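J.: My questions all concern the structure below.
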Amino acid sequence: MSVLASSTPASSRHDVATPNAASSTEFAFLLECCSLRYAEIVPCPEGNLNWTRAVELAEHHGVMPLLYRALSLHPGSVPAEVFEQLRTRYENTARKNLRFTAELFRILDCLQAHSIPAIPLKGPTLAETLYGDVALRDFSDLDVLIHPRDVERAKAALRTLDYSLPAPLSAAEERVYLAAGYEYTFDGPAGRNLLEVQWNTLPRFYSVAFDVDELFSRTASVTLCGRTVRALAPEDLLLTLTVHAAKHAWVRLHWLHDIAGVTQTQHLDWTVVAQRAHALGITRMVGVSLLLAHRLLQADLPAQGQALWNADPEILPLAQLVERELPSAEEYNVESTRYFRLMMRLRERPIDRARFLWRLVWTPGPGEWAIIRLPEPLFPFYRLIRLFRIAGKVLSGR
């Protein structure tokens, strides 16, 4: 086990992490290694750490490079075979990330050649911007944001790079999907499901209405492997990472580490963060994310940042729920009643809860289209199919 020497008084850290957040020795150790104060960890070789389990947790939570970084400061305290395994995984991740970065440049050049503005999201840009090293953030695909009006042109441009959609939609289905969905996942020469082209940040039924044109109007420039690329403004980056983590119920530690990294490495205007979060109706999601980053990863936030979690009494119990489940968290079934209840709890405005419910029930998609293929004039019947599917899950208790 290890001990983290913290200079922050417990009374100023909003109760710090609850015991449930460290329900296993291995997960508690992983939290310390991923903490923003990882360099203060003093490993104690007490022999009570299950290294196999610790490595499995690191892989599950997408933080293997961070575990290696922390332990590389004290290699003698780690079993030699474990340290060699971590070093090998780190080097493999570095090589993979560099290949993906080169592929990202190829994609961006292609889109630029076709006059399609694009913002790379997460992946290599986030790794270098927040972590200072493209090898320190593991990722398995590339994400690019474009304007909704450019989707068809982007598909045509990407075909010149041999990218294709694994399951193309009919023209009628595509019109519906462009209005209700938010991304296409492409297969490419470098792998399957490699590229996600997004024209929004979330599906429409989540009822979080980011204005993509405004996101583009506020973009900044960052350096990635010696090249200048577009990036979201810091405040927009924090908010989009927050809703992405909330959409997945914060079940991976690396999403929280991204959020913590934004708060520590970017110059944030907290007044702007609060205003935009309020306008979008995601103040509760932001508050939960910031509180978790603070309690679990030692993110040091200013008073304005802390105000985003202190004003809503629902935020602390939601954060504690995530903490209890995080050590063994798995992806939620997004069509389950459990997931539905959590998403409803995360919305502070009744109107957003109503919109989420209405759109969830009445917005058909690929799940319904796969059951039966209807001609376009009969598309309204997909809503009934959707309703019956949702009702069946509710009645079965799933």
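Just remember, in the structure tokens the first chain shown is A, the second B, etc., residues are 1-based per chain, and ligands are 1-based in the order shown.
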Produce a table with one row for each residue of stretch 92-202 of chain A that has an atom at most 10 Å from any atom of stretch 230-247 of chain A, each row naming the nearest atom pair and its distance in Å at one decimal; use only C-alpha atoms; arrange rows by chain and rising residue number; format as CSV.

T.:
residue,atom,partner,partner_atom,distance
A:Pro117,CA,A:Arg230,CA,9.3
A:Ala118,CA,A:Arg230,CA,7.6
A:Ile119,CA,A:Arg230,CA,5.4
A:Pro120,CA,A:Ala231,CA,6.6
A:Leu121,CA,A:Ala231,CA,7.3
A:Lys122,CA,A:Leu241,CA,8.6
A:Thr125,CA,A:Ala231,CA,7.7
A:Leu126,CA,A:Ala231,CA,9.0
A:Thr129,CA,A:Ala231,CA,9.5
A:Leu145,CA,A:Leu232,CA,9.9
A:Thr201,CA,A:Thr240,CA,7.0
A:Leu202,CA,A:His244,CA,7.8

J.: Limited to N, CA and C atoms, could you put the picked residues into a file as a PDB file, in the first residue's frame?

T.:
ATOM      1  N   PRO A 117     -14.146  22.924 -42.021  1.00  0.00           N
ATOM      2  CA  PRO A 117     -13.544  23.215 -40.714  1.00  0.00           C
ATOM      3  C   PRO A 117     -13.750  22.047 -39.758  1.00  0.00           C
ATOM      4  N   ALA A 118     -12.736  21.749 -38.949  1.00  0.00           N
ATOM      5  CA  ALA A 118     -12.811  20.606 -38.036  1.00  0.00           C
ATOM      6  C   ALA A 118     -12.027  20.906 -36.772  1.00  0.00           C
ATOM      7  N   ILE A 119     -12.531  20.384 -35.645  1.00  0.00           N
ATOM      8  CA  ILE A 119     -11.857  20.510 -34.355  1.00  0.00           C
ATOM      9  C   ILE A 119     -11.572  19.107 -33.835  1.00  0.00           C
ATOM     10  N   PRO A 120     -10.309  18.728 -33.674  1.00  0.00           N
ATOM     11  CA  PRO A 120     -10.033  17.428 -33.057  1.00  0.00           C
ATOM     12  C   PRO A 120     -10.415  17.458 -31.587  1.00  0.00           C
ATOM     13  N   LEU A 121     -11.104  16.414 -31.145  1.00  0.00           N
ATOM     14  CA  LEU A 121     -11.556  16.317 -29.756  1.00  0.00           C
ATOM     15  C   LEU A 121     -10.829  15.170 -29.055  1.00  0.00           C
ATOM     16  N   LYS A 122     -10.647  15.318 -27.749  1.00  0.00           N
ATOM     17  CA  LYS A 122     -10.043  14.274 -26.927  1.00  0.00           C
ATOM     18  C   LYS A 122      -8.765  13.745 -27.575  1.00  0.00           C
ATOM     19  N   THR A 125      -4.914  15.476 -28.950  1.00  0.00           N
ATOM     20  CA  THR A 125      -4.919  16.880 -28.535  1.00  0.00           C
ATOM     21  C   THR A 125      -5.058  16.997 -27.031  1.00  0.00           C
ATOM     22  N   LEU A 126      -5.970  16.237 -26.465  1.00  0.00           N
ATOM     23  CA  LEU A 126      -6.167  16.280 -25.013  1.00  0.00           C
ATOM     24  C   LEU A 126      -4.931  15.757 -24.288  1.00  0.00           C
ATOM     25  N   THR A 129      -2.261  18.535 -24.483  1.00  0.00           N
ATOM     26  CA  THR A 129      -2.674  19.779 -23.839  1.00  0.00           C
ATOM     27  C   THR A 129      -2.754  19.635 -22.327  1.00  0.00           C
ATOM     28  N   LEU A 145     -14.868  17.103 -34.553  1.00  0.00           N
ATOM     29  CA  LEU A 145     -16.140  17.837 -34.594  1.00  0.00           C
ATOM     30  C   LEU A 145     -16.193  18.675 -35.857  1.00  0.00           C
ATOM     31  N   THR A 201     -22.529  17.281 -29.680  1.00  0.00           N
ATOM     32  CA  THR A 201     -21.789  16.722 -28.553  1.00  0.00           C
ATOM     33  C   THR A 201     -22.496  15.545 -27.913  1.00  0.00           C
ATOM     34  N   LEU A 202     -23.806  15.449 -28.081  1.00  0.00           N
ATOM     35  CA  LEU A 202     -24.614  14.375 -27.524  1.00  0.00           C
ATOM     36  C   LEU A 202     -25.799  14.121 -28.439  1.00  0.00           C
TER      37      LEU A 202
END

J.: Which residues are near A:Leu111? Cut-off 12 Å, only C-alpha atoms, ignore same chain within fewer than 2 positions. Put them as a PyMOL selection string.

T.: chain A and resi 104-109+113-120+144-147+150-161+197

J.: In Å, with one decimal, what is the gap from atom CA of A:Ser289 to atom CA of A:Ile259?

T.: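 Calculated distance between atom CA of A:Ser289 and atom CA of A:Ile259 is 7.3 Å.
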
J.: So that I can check the surroundings of A:Pro313, please list as number ranges by chain every protein, DNA and RNA residue that reaches within 12 Å of it, counting only C-alpha atoms and ignoring chain neighbours fewer than 4 positions away.

T.: A: 284, 287-288, 307-309, 317-319, 345-346, 348

J.: Let me make sure I understand: among A:Gly123, A:Pro148, A:Pro203, A:Pro302, which one has the smallest atom-to-atom distance to A:Ala180 if we use only C-alpha atoms?

T.: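 Among A:Gly123, A:Pro148, A:Pro203, A:Pro302, it is A:Pro203 that comes nearest to A:Ala180.
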
J.: I'd like the contact shell of A:Leu253 - 10 Å cut-off, only C-alpha atoms, skipping same-chain residues fewer than 3 positions apart - returned as a PyMOL selection string.

T.: chain A and resi 30-31+34+57-58+60-63+245+250+256-258+293+296-297+326-327+329

J.: Nearest to A:Arg89: which of A:Asp187, A:Glu103, A:Leu130, A:Asp138 is it, counting only C-alpha atoms?

T.: A:Asp138

J.: With only C-alpha atoms as the counted atoms, please give the residues lying no more than 9 Å from stretch 166-171 of chain A, apart from itself and same-chain residues fewer than 6 positions off, as a VMD selection string.

T.: chain A and resid 177 185 to 187 192 to 193 366

J.: When DSSP works through the backbone of this structure, what residues of stretch 18-219 of chain A end up as alpha helix (DSSP H), shown as a PyMOL selection string?

T.: chain A and resi 25-34+51-60+64-71+80-113+123-126+151-159+171-180+212-217

J.: Which residue out of A:Ile351, A:Cys110, A:Ala28, A:Ala127 has the minimum interatomic distance to A:Val222 when only C-alpha atoms are used?

T.: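 Under the stated criterion, the closest residue is A:Ala127.
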
J.: Take atom CA of A:Arg95 and atom CA of A:Thr263 and report the distance between them in Å, one decimal.

T.: 27.9 Å

J.: Pick the closest to A:Ile282 from A:Phe100, A:Phe210, A:Tyr339, A:Trp51: which is it, counting only C-alpha atoms?

T.: A:Phe210

J.: I want to know what sits within 8 Å of A:Arg349, based on only C-alpha atoms, with residues of the same chain fewer than 3 positions away left out; could you give that as a list of chain:residue names?

T.: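 My list of contacting residues is A:Gly281, A:Asp352, A:Arg353.
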
J.: What residues in stretch 24-268 of chain A get the DSSP label strand (DSSP E)? Please answer as a VMD selection string.

T.: chain A and resid 41 to 43 119 to 121 142 to 145 183 to 188 191 to 198 220 to 224 227 to 231

J.: Include C-alpha atoms and write out the residues we just selected as an mmCIF file, in the first residue's frame.

T.:
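Here's the written file result-v4.cif:
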data_model
loop_
_atom_site.group_PDB
_atom_site.id
_atom_site.type_symbol
_atom_site.label_atom_id
_atom_site.label_comp_id
_atom_site.auth_asym_id
_atom_site.auth_seq_id
_atom_site.Cartn_x
_atom_site.Cartn_y
_atom_site.Cartn_z
ATOM 1 C CA ILE A 41 3.228 9.112 -3.117
ATOM 2 C CA VAL A 42 5.593 7.181 -0.869
ATOM 3 C CA PRO A 43 5.252 3.477 -1.744
ATOM 4 C CA ILE A 119 -11.857 20.510 -34.355
ATOM 5 C CA PRO A 120 -10.033 17.428 -33.057
ATOM 6 C CA LEU A 121 -11.556 16.317 -29.756
ATOM 7 C CA LEU A 142 -10.071 9.662 -33.000
ATOM 8 C CA ASP A 143 -12.847 12.227 -32.574
ATOM 9 C CA VAL A 144 -13.401 15.190 -34.864
ATOM 10 C CA LEU A 145 -16.140 17.837 -34.594
ATOM 11 C CA GLU A 183 -21.830 11.116 -34.717
ATOM 12 C CA TYR A 184 -20.820 8.640 -37.403
ATOM 13 C CA THR A 185 -18.224 5.977 -36.649
ATOM 14 C CA PHE A 186 -15.927 5.126 -39.561
ATOM 15 C CA ASP A 187 -13.712 2.169 -40.348
ATOM 16 C CA GLY A 188 -10.383 3.116 -41.887
ATOM 17 C CA GLY A 191 -8.491 -0.030 -37.979
ATOM 18 C CA ARG A 192 -12.192 -0.581 -37.385
ATOM 19 C CA ASN A 193 -14.238 2.064 -35.568
ATOM 20 C CA LEU A 194 -11.185 4.307 -35.712
ATOM 21 C CA LEU A 195 -12.790 7.652 -36.466
ATOM 22 C CA GLU A 196 -15.830 9.336 -34.949
ATOM 23 C CA VAL A 197 -17.054 12.351 -36.888
ATOM 24 C CA GLN A 198 -19.374 14.390 -34.675
ATOM 25 C CA ALA A 220 -8.291 28.326 -29.624
ATOM 26 C CA SER A 221 -5.067 27.056 -31.174
ATOM 27 C CA VAL A 222 -2.829 24.479 -29.501
ATOM 28 C CA THR A 223 0.385 22.744 -30.444
ATOM 29 C CA LEU A 224 0.280 19.014 -31.113
ATOM 30 C CA ARG A 227 1.917 21.367 -35.358
ATOM 31 C CA THR A 228 -0.796 23.941 -34.646
ATOM 32 C CA VAL A 229 -4.357 22.608 -34.561
ATOM 33 C CA ARG A 230 -7.739 23.916 -33.472
ATOM 34 C CA ALA A 231 -9.042 23.165 -30.000
#

J.: Fewer than 4 positions away in the same chain doesn't count, so skip those; otherwise give me all residues within 9 Å of A:Arg386, counting only C-alpha atoms, as a list in words.

T.: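 Using only C-alpha atoms, the neighbours found are Leu360, Val361, Trp362, Thr363, Pro364, Gly365, Gly367, Glu368, Phe381, Tyr382, Ile390 and Ala391 of chain A.
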